>>> print(open('start_9.pdb').read())   # PDB, N, CA and C atoms
ATOM      1  N   MET A   6      17.002   8.363 -20.361
ATOM      2  CA  MET A   6      16.335   7.604 -21.390
ATOM      3  C   MET A   6      15.964   6.190 -20.949
ATOM      4  N   ALA A   7      16.520   5.700 -19.839
ATOM      5  CA  ALA A   7      16.217   4.339 -19.379
ATOM      6  C   ALA A   7      14.727   4.156 -19.142
ATOM      7  N   HIS A   8      14.069   5.194 -18.648
ATOM      8  CA  HIS A   8      12.642   5.067 -18.376
ATOM      9  C   HIS A   8      11.830   4.863 -19.648
ATOM     10  N   GLN A   9      12.288   5.375 -20.768
ATOM     11  CA  GLN A   9      11.590   5.169 -22.033
ATOM     12  C   GLN A   9      11.932   3.807 -22.639
ATOM     13  N   GLN A  10      13.184   3.417 -22.519
ATOM     14  CA  GLN A  10      13.651   2.144 -23.062
ATOM     15  C   GLN A  10      12.987   0.954 -22.371
ATOM     16  N   HIS A  11      12.723   1.085 -21.099
ATOM     17  CA  HIS A  11      12.174  -0.022 -20.302
ATOM     18  C   HIS A  11      10.765   0.266 -19.798
ATOM     19  N   LYS A  12       9.980   0.985 -20.573
ATOM     20  CA  LYS A  12       8.642   1.381 -20.141
ATOM     21  C   LYS A  12       7.759   0.190 -19.782
ATOM     22  N   THR A  13       7.805  -0.883 -20.555
ATOM     23  CA  THR A  13       6.908  -2.016 -20.285
ATOM     24  C   THR A  13       7.233  -2.697 -18.953
ATOM     25  N   VAL A  14       8.509  -2.834 -18.635
ATOM     26  CA  VAL A  14       8.853  -3.462 -17.358
ATOM     27  C   VAL A  14       8.525  -2.523 -16.195
ATOM     28  N   ILE A  15       8.745  -1.244 -16.376
ATOM     29  CA  ILE A  15       8.402  -0.291 -15.312
ATOM     30  C   ILE A  15       6.897  -0.301 -15.071
ATOM     31  N   ASP A  16       6.118  -0.274 -16.153
ATOM     32  CA  ASP A  16       4.657  -0.321 -16.010
ATOM     33  C   ASP A  16       4.202  -1.605 -15.321
ATOM     34  N   ALA A  17       4.794  -2.739 -15.694
ATOM     35  CA  ALA A  17       4.433  -4.017 -15.070
ATOM     36  C   ALA A  17       4.820  -4.039 -13.594
ATOM     37  N   ALA A  18       5.977  -3.464 -13.273
ATOM     38  CA  ALA A  18       6.431  -3.419 -11.877
ATOM     39  C   ALA A  18       5.499  -2.562 -11.026
ATOM     40  N   VAL A  19       5.127  -1.404 -11.538
ATOM     41  CA  VAL A  19       4.234  -0.513 -10.793
ATOM     42  C   VAL A  19       2.862  -1.152 -10.619
ATOM     43  N   HIS A  20       2.355  -1.784 -11.669
ATOM     44  CA  HIS A  20       1.056  -2.450 -11.561
ATOM     45  C   HIS A  20       1.115  -3.595 -10.549
ATOM     46  N   CYS A  21       2.195  -4.352 -10.584
ATOM     47  CA  CYS A  21       2.360  -5.447  -9.628
ATOM     48  C   CYS A  21       2.409  -4.903  -8.196
ATOM     49  N   ALA A  22       3.173  -3.849  -7.997
ATOM     50  CA  ALA A  22       3.270  -3.251  -6.655
ATOM     51  C   ALA A  22       1.900  -2.785  -6.172
ATOM     52  N   TYR A  23       1.153  -2.153  -7.055
ATOM     53  CA  TYR A  23      -0.190  -1.688  -6.720
ATOM     54  C   TYR A  23      -1.091  -2.855  -6.310
ATOM     55  N   GLU A  24      -1.094  -3.920  -7.111
ATOM     56  CA  GLU A  24      -1.926  -5.091  -6.800
ATOM     57  C   GLU A  24      -1.481  -5.752  -5.496
ATOM     58  N   CYS A  25      -0.173  -5.806  -5.276
ATOM     59  CA  CYS A  25       0.347  -6.386  -4.029
ATOM     60  C   CYS A  25      -0.086  -5.580  -2.817
ATOM     61  N   GLU A  26      -0.047  -4.266  -2.927
ATOM     62  CA  GLU A  26      -0.477  -3.402  -1.815
ATOM     63  C   GLU A  26      -1.945  -3.676  -1.485
ATOM     64  N   HIS A  27      -2.770  -3.760  -2.506
ATOM     65  CA  HIS A  27      -4.197  -4.018  -2.305
ATOM     66  C   HIS A  27      -4.414  -5.399  -1.684
ATOM     67  N   CYS A  28      -3.722  -6.397  -2.210
ATOM     68  CA  CYS A  28      -3.874  -7.759  -1.704
ATOM     69  C   CYS A  28      -3.382  -7.863  -0.257
ATOM     70  N   GLU A  29      -2.241  -7.248   0.002
ATOM     71  CA  GLU A  29      -1.716  -7.275   1.380
ATOM     72  C   GLU A  29      -2.740  -6.721   2.362
ATOM     73  N   ASP A  30      -3.320  -5.591   2.025
ATOM     74  CA  ASP A  30      -4.296  -4.960   2.908
ATOM     75  C   ASP A  30      -5.506  -5.864   3.127
ATOM     76  N   ALA A  31      -5.960  -6.514   2.059
ATOM     77  CA  ALA A  31      -7.128  -7.389   2.168
ATOM     78  C   ALA A  31      -6.826  -8.663   2.950
ATOM     79  N   CYS A  32      -5.582  -9.119   2.906
ATOM     80  CA  CYS A  32      -5.214 -10.386   3.552
ATOM     81  C   CYS A  32      -4.737 -10.226   4.996
ATOM     82  N   LEU A  33      -4.474  -9.014   5.423
ATOM     83  CA  LEU A  33      -4.012  -8.799   6.796
ATOM     84  C   LEU A  33      -4.987  -9.407   7.790
ATOM     85  N   GLY A  34      -4.468 -10.118   8.735
ATOM     86  CA  GLY A  34      -5.301 -10.692   9.780
ATOM     87  C   GLY A  34      -5.792 -12.101   9.504
ATOM     88  N   ASN A  35      -6.183 -12.389   8.249
ATOM     89  CA  ASN A  35      -6.736 -13.724   7.999
ATOM     90  C   ASN A  35      -5.824 -14.611   7.147
ATOM     91  N   MET A  36      -4.899 -14.016   6.405
ATOM     92  CA  MET A  36      -3.939 -14.805   5.613
ATOM     93  C   MET A  36      -2.562 -14.147   5.755
ATOM     94  N   PRO A  37      -1.924 -14.328   6.907
ATOM     95  CA  PRO A  37      -0.678 -13.595   7.179
ATOM     96  C   PRO A  37       0.472 -13.901   6.223
ATOM     97  N   GLU A  38       0.605 -15.137   5.768
ATOM     98  CA  GLU A  38       1.703 -15.458   4.847
ATOM     99  C   GLU A  38       1.498 -14.751   3.511
ATOM    100  N   CYS A  39       0.282 -14.732   3.043
ATOM    101  CA  CYS A  39      -0.033 -14.025   1.804
ATOM    102  C   CYS A  39       0.268 -12.534   1.970
ATOM    103  N   ALA A  40      -0.156 -11.966   3.067
ATOM    104  CA  ALA A  40       0.084 -10.536   3.317
ATOM    105  C   ALA A  40       1.584 -10.231   3.370
ATOM    106  N   ARG A  41       2.349 -11.091   4.029
ATOM    107  CA  ARG A  41       3.808 -10.867   4.124
ATOM    108  C   ARG A  41       4.474 -10.928   2.749
ATOM    109  N   LEU A  42       4.117 -11.928   1.956
ATOM    110  CA  LEU A  42       4.706 -12.042   0.620
ATOM    111  C   LEU A  42       4.295 -10.869  -0.262
ATOM    112  N   CYS A  43       3.048 -10.441  -0.146
ATOM    113  CA  CYS A  43       2.601  -9.278  -0.916
ATOM    114  C   CYS A  43       3.364  -8.019  -0.507
ATOM    115  N   ARG A  44       3.627  -7.879   0.770
ATOM    116  CA  ARG A  44       4.404  -6.718   1.239
ATOM    117  C   ARG A  44       5.803  -6.743   0.633
ATOM    118  N   ASP A  45       6.456  -7.899   0.699
ATOM    119  CA  ASP A  45       7.806  -8.017   0.121
ATOM    120  C   ASP A  45       7.790  -7.753  -1.378
ATOM    121  N   CYS A  46       6.833  -8.338  -2.057
ATOM    122  CA  CYS A  46       6.755  -8.208  -3.505
ATOM    123  C   CYS A  46       6.464  -6.758  -3.908
ATOM    124  N   GLY A  47       5.528  -6.139  -3.227
ATOM    125  CA  GLY A  47       5.213  -4.745  -3.523
ATOM    126  C   GLY A  47       6.416  -3.841  -3.337
ATOM    127  N   GLU A  48       7.131  -4.040  -2.238
ATOM    128  CA  GLU A  48       8.313  -3.215  -1.964
ATOM    129  C   GLU A  48       9.385  -3.371  -3.039
ATOM    130  N   ILE A  49       9.665  -4.614  -3.419
ATOM    131  CA  ILE A  49      10.725  -4.831  -4.410
ATOM    132  C   ILE A  49      10.283  -4.312  -5.778
ATOM    133  N   CYS A  50       9.007  -4.401  -6.084
ATOM    134  CA  CYS A  50       8.535  -3.882  -7.376
ATOM    135  C   CYS A  50       8.577  -2.353  -7.421
ATOM    136  N   TRP A  51       8.188  -1.684  -6.340
ATOM    137  CA  TRP A  51       8.321  -0.219  -6.294
ATOM    138  C   TRP A  51       9.793   0.155  -6.467
ATOM    139  N   THR A  52      10.657  -0.548  -5.759
ATOM    140  CA  THR A  52      12.093  -0.266  -5.807
ATOM    141  C   THR A  52      12.653  -0.530  -7.200
ATOM    142  N   SER A  53      12.245  -1.634  -7.802
ATOM    143  CA  SER A  53      12.774  -1.953  -9.131
ATOM    144  C   SER A  53      12.371  -0.894 -10.146
ATOM    145  N   ALA A  54      11.151  -0.394 -10.054
ATOM    146  CA  ALA A  54      10.710   0.650 -10.983
ATOM    147  C   ALA A  54      11.615   1.872 -10.875
ATOM    148  N   ALA A  55      12.005   2.217  -9.673
ATOM    149  CA  ALA A  55      12.898   3.365  -9.476
ATOM    150  C   ALA A  55      14.291   3.084 -10.044
ATOM    151  N   PHE A  56      14.851   1.919  -9.740
ATOM    152  CA  PHE A  56      16.184   1.558 -10.235
ATOM    153  C   PHE A  56      16.208   1.529 -11.759
ATOM    154  N   ILE A  57      15.188   0.921 -12.347
ATOM    155  CA  ILE A  57      15.131   0.798 -13.804
ATOM    156  C   ILE A  57      14.910   2.164 -14.444
ATOM    157  N   SER A  58      14.070   2.987 -13.838
ATOM    158  CA  SER A  58      13.795   4.323 -14.374
ATOM    159  C   SER A  58      15.044   5.173 -14.497
ATOM    160  N   ARG A  59      15.929   5.017 -13.537
ATOM    161  CA  ARG A  59      17.141   5.844 -13.565
ATOM    162  C   ARG A  59      18.339   5.144 -14.202
ATOM    163  N   GLY A  60      18.123   3.930 -14.717
ATOM    164  CA  GLY A  60      19.198   3.224 -15.404
ATOM    165  C   GLY A  60      20.333   2.789 -14.492
ATOM    166  N   SER A  61      19.992   2.392 -13.288
ATOM    167  CA  SER A  61      21.000   1.970 -12.307
ATOM    168  C   SER A  61      21.852   0.813 -12.828
ATOM    169  N   ARG A  62      23.089   0.787 -12.407
ATOM    170  CA  ARG A  62      23.968  -0.327 -12.777
ATOM    171  C   ARG A  62      23.611  -1.612 -12.027
ATOM    172  N   PHE A  63      22.724  -1.520 -11.058
ATOM    173  CA  PHE A  63      22.322  -2.680 -10.267
ATOM    174  C   PHE A  63      21.041  -3.342 -10.783
ATOM    175  N   ILE A  64      20.593  -2.940 -11.961
ATOM    176  CA  ILE A  64      19.373  -3.515 -12.531
ATOM    177  C   ILE A  64      19.442  -5.039 -12.609
ATOM    178  N   PRO A  65      20.533  -5.644 -13.072
ATOM    179  CA  PRO A  65      20.547  -7.123 -13.139
ATOM    180  C   PRO A  65      20.297  -7.793 -11.789
ATOM    181  N   GLN A  66      20.883  -7.275 -10.737
ATOM    182  CA  GLN A  66      20.688  -7.869  -9.407
ATOM    183  C   GLN A  66      19.259  -7.651  -8.905
ATOM    184  N   ILE A  67      18.749  -6.467  -9.105
ATOM    185  CA  ILE A  67      17.387  -6.155  -8.678
ATOM    186  C   ILE A  67      16.379  -7.039  -9.415
ATOM    187  N   VAL A  68      16.559  -7.166 -10.725
ATOM    188  CA  VAL A  68      15.641  -7.952 -11.546
ATOM    189  C   VAL A  68      15.637  -9.422 -11.109
ATOM    190  N   GLN A  69      16.789  -9.971 -10.813
ATOM    191  CA  GLN A  69      16.844 -11.365 -10.352
ATOM    192  C   GLN A  69      16.080 -11.524  -9.040
ATOM    193  N   SER A  70      16.239 -10.580  -8.127
ATOM    194  CA  SER A  70      15.490 -10.631  -6.867
ATOM    195  C   SER A  70      13.999 -10.502  -7.117
ATOM    196  N   CYS A  71      13.629  -9.613  -8.019
ATOM    197  CA  CYS A  71      12.210  -9.424  -8.340
ATOM    198  C   CYS A  71      11.579 -10.698  -8.872
ATOM    199  N   ILE A  72      12.273 -11.377  -9.748
ATOM    200  CA  ILE A  72      11.742 -12.620 -10.321
ATOM    201  C   ILE A  72      11.461 -13.626  -9.205
ATOM    202  N   ALA A  73      12.403 -13.813  -8.306
ATOM    203  CA  ALA A  73      12.237 -14.786  -7.213
ATOM    204  C   ALA A  73      11.095 -14.394  -6.276
ATOM    205  N   ILE A  74      11.020 -13.125  -5.920
ATOM    206  CA  ILE A  74      10.001 -12.676  -4.964
ATOM    207  C   ILE A  74       8.621 -12.676  -5.612
ATOM    208  N   CYS A  75       8.523 -12.217  -6.851
ATOM    209  CA  CYS A  75       7.230 -12.244  -7.563
ATOM    210  C   CYS A  75       6.739 -13.676  -7.745
ATOM    211  N   GLU A  76       7.659 -14.590  -8.005
ATOM    212  CA  GLU A  76       7.284 -16.001  -8.162
ATOM    213  C   GLU A  76       6.695 -16.543  -6.857
ATOM    214  N   ALA A  77       7.334 -16.259  -5.750
ATOM    215  CA  ALA A  77       6.827 -16.722  -4.450
ATOM    216  C   ALA A  77       5.464 -16.114  -4.141
ATOM    217  N   CYS A  78       5.310 -14.845  -4.421
ATOM    218  CA  CYS A  78       4.037 -14.161  -4.169
ATOM    219  C   CYS A  78       2.935 -14.734  -5.061
ATOM    220  N   ALA A  79       3.225 -14.918  -6.336
ATOM    221  CA  ALA A  79       2.227 -15.472  -7.259
ATOM    222  C   ALA A  79       1.779 -16.857  -6.809
ATOM    223  N   LYS A  80       2.723 -17.701  -6.428
ATOM    224  CA  LYS A  80       2.373 -19.065  -5.983
ATOM    225  C   LYS A  80       1.467 -19.040  -4.764
ATOM    226  N   GLU A  81       1.760 -18.144  -3.821
ATOM    227  CA  GLU A  81       0.920 -18.044  -2.624
ATOM    228  C   GLU A  81      -0.468 -17.522  -2.982
ATOM    229  N   CYS A  82      -0.530 -16.471  -3.762
ATOM    230  CA  CYS A  82      -1.825 -15.876  -4.105
ATOM    231  C   CYS A  82      -2.682 -16.820  -4.947
ATOM    232  N   GLU A  83      -2.046 -17.627  -5.771
ATOM    233  CA  GLU A  83      -2.798 -18.582  -6.598
ATOM    234  C   GLU A  83      -3.506 -19.649  -5.765
ATOM    235  N   LYS A  84      -3.119 -19.818  -4.524
ATOM    236  CA  LYS A  84      -3.764 -20.786  -3.640
ATOM    237  C   LYS A  84      -5.138 -20.311  -3.161
ATOM    238  N   HIS A  85      -5.393 -19.017  -3.274
ATOM    239  CA  HIS A  85      -6.601 -18.425  -2.693
ATOM    240  C   HIS A  85      -7.592 -18.037  -3.789
ATOM    241  N   ASN A  86      -8.878 -18.212  -3.508
ATOM    242  CA  ASN A  86      -9.921 -17.953  -4.498
ATOM    243  C   ASN A  86     -10.390 -16.503  -4.554
ATOM    244  N   SER A  87      -9.918 -15.663  -3.675
ATOM    245  CA  SER A  87     -10.404 -14.282  -3.658
ATOM    246  C   SER A  87      -9.933 -13.530  -4.907
ATOM    247  N   ASP A  88     -10.767 -12.604  -5.347
ATOM    248  CA  ASP A  88     -10.448 -11.826  -6.542
ATOM    249  C   ASP A  88      -9.149 -11.046  -6.390
ATOM    250  N   HIS A  89      -8.937 -10.478  -5.200
ATOM    251  CA  HIS A  89      -7.725  -9.669  -5.007
ATOM    252  C   HIS A  89      -6.469 -10.529  -5.082
ATOM    253  N   CYS A  90      -6.529 -11.754  -4.585
ATOM    254  CA  CYS A  90      -5.371 -12.651  -4.680
ATOM    255  C   CYS A  90      -5.129 -13.073  -6.133
ATOM    256  N   GLN A  91      -6.190 -13.367  -6.849
ATOM    257  CA  GLN A  91      -6.041 -13.766  -8.249
ATOM    258  C   GLN A  91      -5.498 -12.618  -9.103
ATOM    259  N   SER A  92      -5.962 -11.399  -8.838
ATOM    260  CA  SER A  92      -5.444 -10.224  -9.557
ATOM    261  C   SER A  92      -3.974  -9.996  -9.241
ATOM    262  N   CYS A  93      -3.618 -10.201  -7.992
ATOM    263  CA  CYS A  93      -2.222 -10.046  -7.579
ATOM    264  C   CYS A  93      -1.349 -11.086  -8.264
ATOM    265  N   ALA A  94      -1.788 -12.325  -8.271
ATOM    266  CA  ALA A  94      -1.018 -13.390  -8.916
ATOM    267  C   ALA A  94      -0.808 -13.096 -10.398
ATOM    268  N   GLN A  95      -1.844 -12.617 -11.066
ATOM    269  CA  GLN A  95      -1.722 -12.278 -12.488
ATOM    270  C   GLN A  95      -0.723 -11.143 -12.702
ATOM    271  N   ALA A  96      -0.780 -10.141 -11.843
ATOM    272  CA  ALA A  96       0.154  -9.012 -11.956
ATOM    273  C   ALA A  96       1.583  -9.480 -11.710
ATOM    274  N   CYS A  97       1.757 -10.387 -10.760
ATOM    275  CA  CYS A  97       3.093 -10.941 -10.492
ATOM    276  C   CYS A  97       3.611 -11.704 -11.705
ATOM    277  N   ARG A  98       2.764 -12.523 -12.299
ATOM    278  CA  ARG A  98       3.175 -13.312 -13.473
ATOM    279  C   ARG A  98       3.561 -12.397 -14.637
ATOM    280  N   ARG A  99       2.809 -11.339 -14.841
ATOM    281  CA  ARG A  99       3.129 -10.381 -15.904
ATOM    282  C   ARG A  99       4.454  -9.682 -15.613
ATOM    283  N   ALA A 100       4.665  -9.286 -14.379
ATOM    284  CA  ALA A 100       5.926  -8.639 -13.998
ATOM    285  C   ALA A 100       7.100  -9.590 -14.221
ATOM    286  N   ILE A 101       6.927 -10.849 -13.869
ATOM    287  CA  ILE A 101       7.984 -11.846 -14.079
ATOM    288  C   ILE A 101       8.364 -11.910 -15.550
ATOM    289  N   GLU A 102       7.382 -11.941 -16.428
ATOM    290  CA  GLU A 102       7.655 -11.964 -17.873
ATOM    291  C   GLU A 102       8.530 -10.775 -18.280
ATOM    292  N   GLU A 103       8.174  -9.600 -17.795
ATOM    293  CA  GLU A 103       8.915  -8.394 -18.154
ATOM    294  C   GLU A 103      10.308  -8.380 -17.522
ATOM    295  N   TYR A 104      10.402  -8.808 -16.271
ATOM    296  CA  TYR A 104      11.713  -8.873 -15.611
ATOM    297  C   TYR A 104      12.641  -9.840 -16.343
ATOM    298  N   ARG A 105      12.091 -10.943 -16.822
ATOM    299  CA  ARG A 105      12.918 -11.918 -17.552
ATOM    300  C   ARG A 105      13.465 -11.331 -18.848
ATOM    301  N   LYS A 106      12.680 -10.500 -19.526
ATOM    302  CA  LYS A 106      13.176  -9.833 -20.730
ATOM    303  C   LYS A 106      14.376  -8.948 -20.402
ATOM    304  N   VAL A 107      14.263  -8.194 -19.315
ATOM    305  CA  VAL A 107      15.365  -7.326 -18.905
ATOM    306  C   VAL A 107      16.572  -8.160 -18.500
ATOM    307  N   ALA A 108      16.314  -9.257 -17.792
ATOM    308  CA  ALA A 108      17.412 -10.133 -17.365
ATOM    309  C   ALA A 108      18.131 -10.731 -18.558
ATOM    310  N   SER A 109      17.389 -11.127 -19.588
ATOM    311  CA  SER A 109      18.034 -11.722 -20.752
ATOM    312  C   SER A 109      18.863 -10.693 -21.504
ATOM    313  N   ILE A 110      18.398  -9.451 -21.560
ATOM    314  CA  ILE A 110      19.178  -8.379 -22.203
ATOM    315  C   ILE A 110      20.450  -8.116 -21.409
ATOM    316  N   ALA A 111      20.336  -8.178 -20.082
ATOM    317  CA  ALA A 111      21.480  -7.919 -19.220
ATOM    318  C   ALA A 111      22.417  -9.118 -19.146
ATOM    319  N   GLY A 112      21.993 -10.257 -19.715
ATOM    320  CA  GLY A 112      22.838 -11.439 -19.726
ATOM    321  C   GLY A 112      22.861 -12.215 -18.429
ATOM    322  N   VAL A 113      21.769 -12.118 -17.623
ATOM    323  CA  VAL A 113      21.730 -12.827 -16.352
ATOM    324  C   VAL A 113      20.595 -13.853 -16.292
ATOM    325  N   ALA A 114      19.883 -14.039 -17.372
ATOM    326  CA  ALA A 114      18.742 -14.964 -17.342
ATOM    327  C   ALA A 114      19.174 -16.418 -17.389
TER     328      ALA A 114
END
>>> encode(input="start_9.pdb", output="structure tokens")
Amino acid sequence: MAHQQHKTVIDAAVHCAYECEHCEDACLGNMPECARLCRDCGEICWTSAAFISRGSRFIPQIVQSCIAICEACAKECEKHNSDHCQSCAQACRRAIEEYRKVASIAGVA
């Protein structure tokens, strides 16, 4: 039932991971720091969706890591004018909002 209870955060995490994957691919070669942060952010968001879907006891720790990594990725992507970076930054910001809701429920915010 965890996947139904936390549908909005799972959806935000998957969307963020998708946008990060796209941004990473577009930034490879010309913006290496952006690409690296997008890779990290995408990986942690894919992972968080899995942990949250199955109701893992490690959700509070994962969510805290996601907030920090998504924040770093959003800040980097916001520096760039490309559409893919701006879309990625927006997806990161939305994921952060959802992760914070989960963190506050878990008592770690």
>>> resolve_selection(input="start_9.pdb", expression="the PyMOL selection byres (((chain A and resi 36-38 and name CA) around 12) and name CA)", output="ChimeraX atom specification")
/A:28-35,39-45,77-78,80-82,84-85,87,90
>>> closest_residue(input="start_9.pdb", among="A:Arg59, A:Gln66, A:Ala54, A:Ile49", to="Ile15 of chain A", atoms="only N, CA and C atoms")
A:Ala54
>>> atom_distance(input="start_9.pdb", atom1="atom N of Cys97 of chain A", atom2="atom CA of Phe56 of chain A")
18.7 Å
>>> resolve_selection(input="start_9.pdb", expression="the PyMOL selection byres ((chain A and resi 22) around 8)", output="PyMOL selection string")
chain A and resi 16-21+23-28+43+46-52+96-97
>>> atom_distance(input="start_9.pdb", atom1="atom CA of Ile101 of chain A", atom2="atom CA of Cys75 of chain A")
6.6 Å
>>> atom_distance(input="start_9.pdb", atom1="atom N of Ile72 of chain A", atom2="atom CA of Asn86 of chain A")
23.7 Å
>>> axis_aligned_box(input="start_9.pdb", around="segment 42-49 of chain A", padding_each_side="5 Å", output="AutoDock Vina command-line options")
--center_x 6.7 --center_y -7.6 --center_z -1.9 --size_x 18.1 --size_y 18.8 --size_z 17.7
>>> select_by_dssp(input="start_9.pdb", residues="segment 8-103 of chain A", states="helix (DSSP H, G or I)", output="PyMOL selection string")
chain A and resi 8-10+12-32+37-58+64-82+88-103
>>> closest_residue(input="start_9.pdb", among="A:Glu76, A:Ser61, A:Val68, A:His89", to="Tyr104 of chain A", atoms="all atoms listed in the file")
A:Val68
>>> residues_around(input="start_9.pdb", residues="Glu103 of chain A", least_positions_apart="5", cutoff="6.5 Å", atoms="only N, CA and C atoms", output="list of chain:residue names")
A:Thr13, A:Val14, A:Arg98, A:Ala108
>>> write_last_selection(input="start_9.pdb", atoms="N, CA and C atoms", output="JSON list (two decimals), in the coordinates of the input")
[["chain", "number", "residue", "atom", "x", "y", "z"],
["A", 13, "THR", "N", 7.80, -0.88, -20.56],
["A", 13, "THR", "CA", 6.91, -2.02, -20.28],
["A", 13, "THR", "C", 7.23, -2.70, -18.95],
["A", 14, "VAL", "N", 8.51, -2.83, -18.64],
["A", 14, "VAL", "CA", 8.85, -3.46, -17.36],
["A", 14, "VAL", "C", 8.52, -2.52, -16.20],
["A", 98, "ARG", "N", 2.76, -12.52, -12.30],
["A", 98, "ARG", "CA", 3.18, -13.31, -13.47],
["A", 98, "ARG", "C", 3.56, -12.40, -14.64],
["A", 108, "ALA", "N", 16.31, -9.26, -17.79],
["A", 108, "ALA", "CA", 17.41, -10.13, -17.36],
["A", 108, "ALA", "C", 18.13, -10.73, -18.56]]
>>> decode(input="start_9.pdb", residues="segment 52-63 of chain A", atoms="N, CA, C and O atoms", output="compact mmCIF listing (two decimals), in the first residue's frame")
# COMPACT_ATOMS: atom_id res chain seq x y z
N THR A 52 16.06 5.51 -7.41
CA THR A 52 16.20 4.67 -6.22
C THR A 52 15.13 5.02 -5.18
O THR A 52 14.52 4.13 -4.58
N SER A 53 14.91 6.31 -4.97
CA SER A 53 13.92 6.70 -3.96
C SER A 53 12.53 6.21 -4.34
O SER A 53 11.76 5.78 -3.47
N ALA A 54 12.19 6.26 -5.62
CA ALA A 54 10.88 5.78 -6.05
C ALA A 54 10.71 4.30 -5.70
O ALA A 54 9.64 3.89 -5.23
N ALA A 55 11.76 3.53 -5.86
CA ALA A 55 11.70 2.11 -5.52
C ALA A 55 11.56 1.91 -4.01
O ALA A 55 10.71 1.13 -3.55
N PHE A 56 12.37 2.61 -3.22
CA PHE A 56 12.32 2.48 -1.76
C PHE A 56 10.95 2.89 -1.23
O PHE A 56 10.38 2.21 -0.37
N ILE A 57 10.43 4.00 -1.74
CA ILE A 57 9.13 4.50 -1.27
C ILE A 57 8.01 3.57 -1.71
O ILE A 57 7.10 3.29 -0.94
N SER A 58 8.10 3.05 -2.93
CA SER A 58 7.07 2.14 -3.44
C SER A 58 6.90 0.91 -2.58
O SER A 58 5.79 0.41 -2.41
N ARG A 59 8.01 0.42 -2.06
CA ARG A 59 7.92 -0.80 -1.26
C ARG A 59 7.84 -0.54 0.24
O ARG A 59 7.85 -1.44 1.05
N GLY A 60 7.76 0.74 0.63
CA GLY A 60 7.61 1.08 2.04
C GLY A 60 8.82 0.75 2.89
O GLY A 60 8.70 0.38 4.05
N SER A 61 10.00 0.93 2.33
CA SER A 61 11.24 0.62 3.04
C SER A 61 11.36 1.40 4.35
O SER A 61 10.92 2.55 4.45
N ARG A 62 12.00 0.79 5.31
CA ARG A 62 12.24 1.49 6.58
C ARG A 62 13.32 2.56 6.45
O ARG A 62 13.53 3.35 7.37
N PHE A 63 13.99 2.61 5.32
CA PHE A 63 15.05 3.59 5.09
C PHE A 63 14.57 4.84 4.35
O PHE A 63 15.37 5.67 3.94
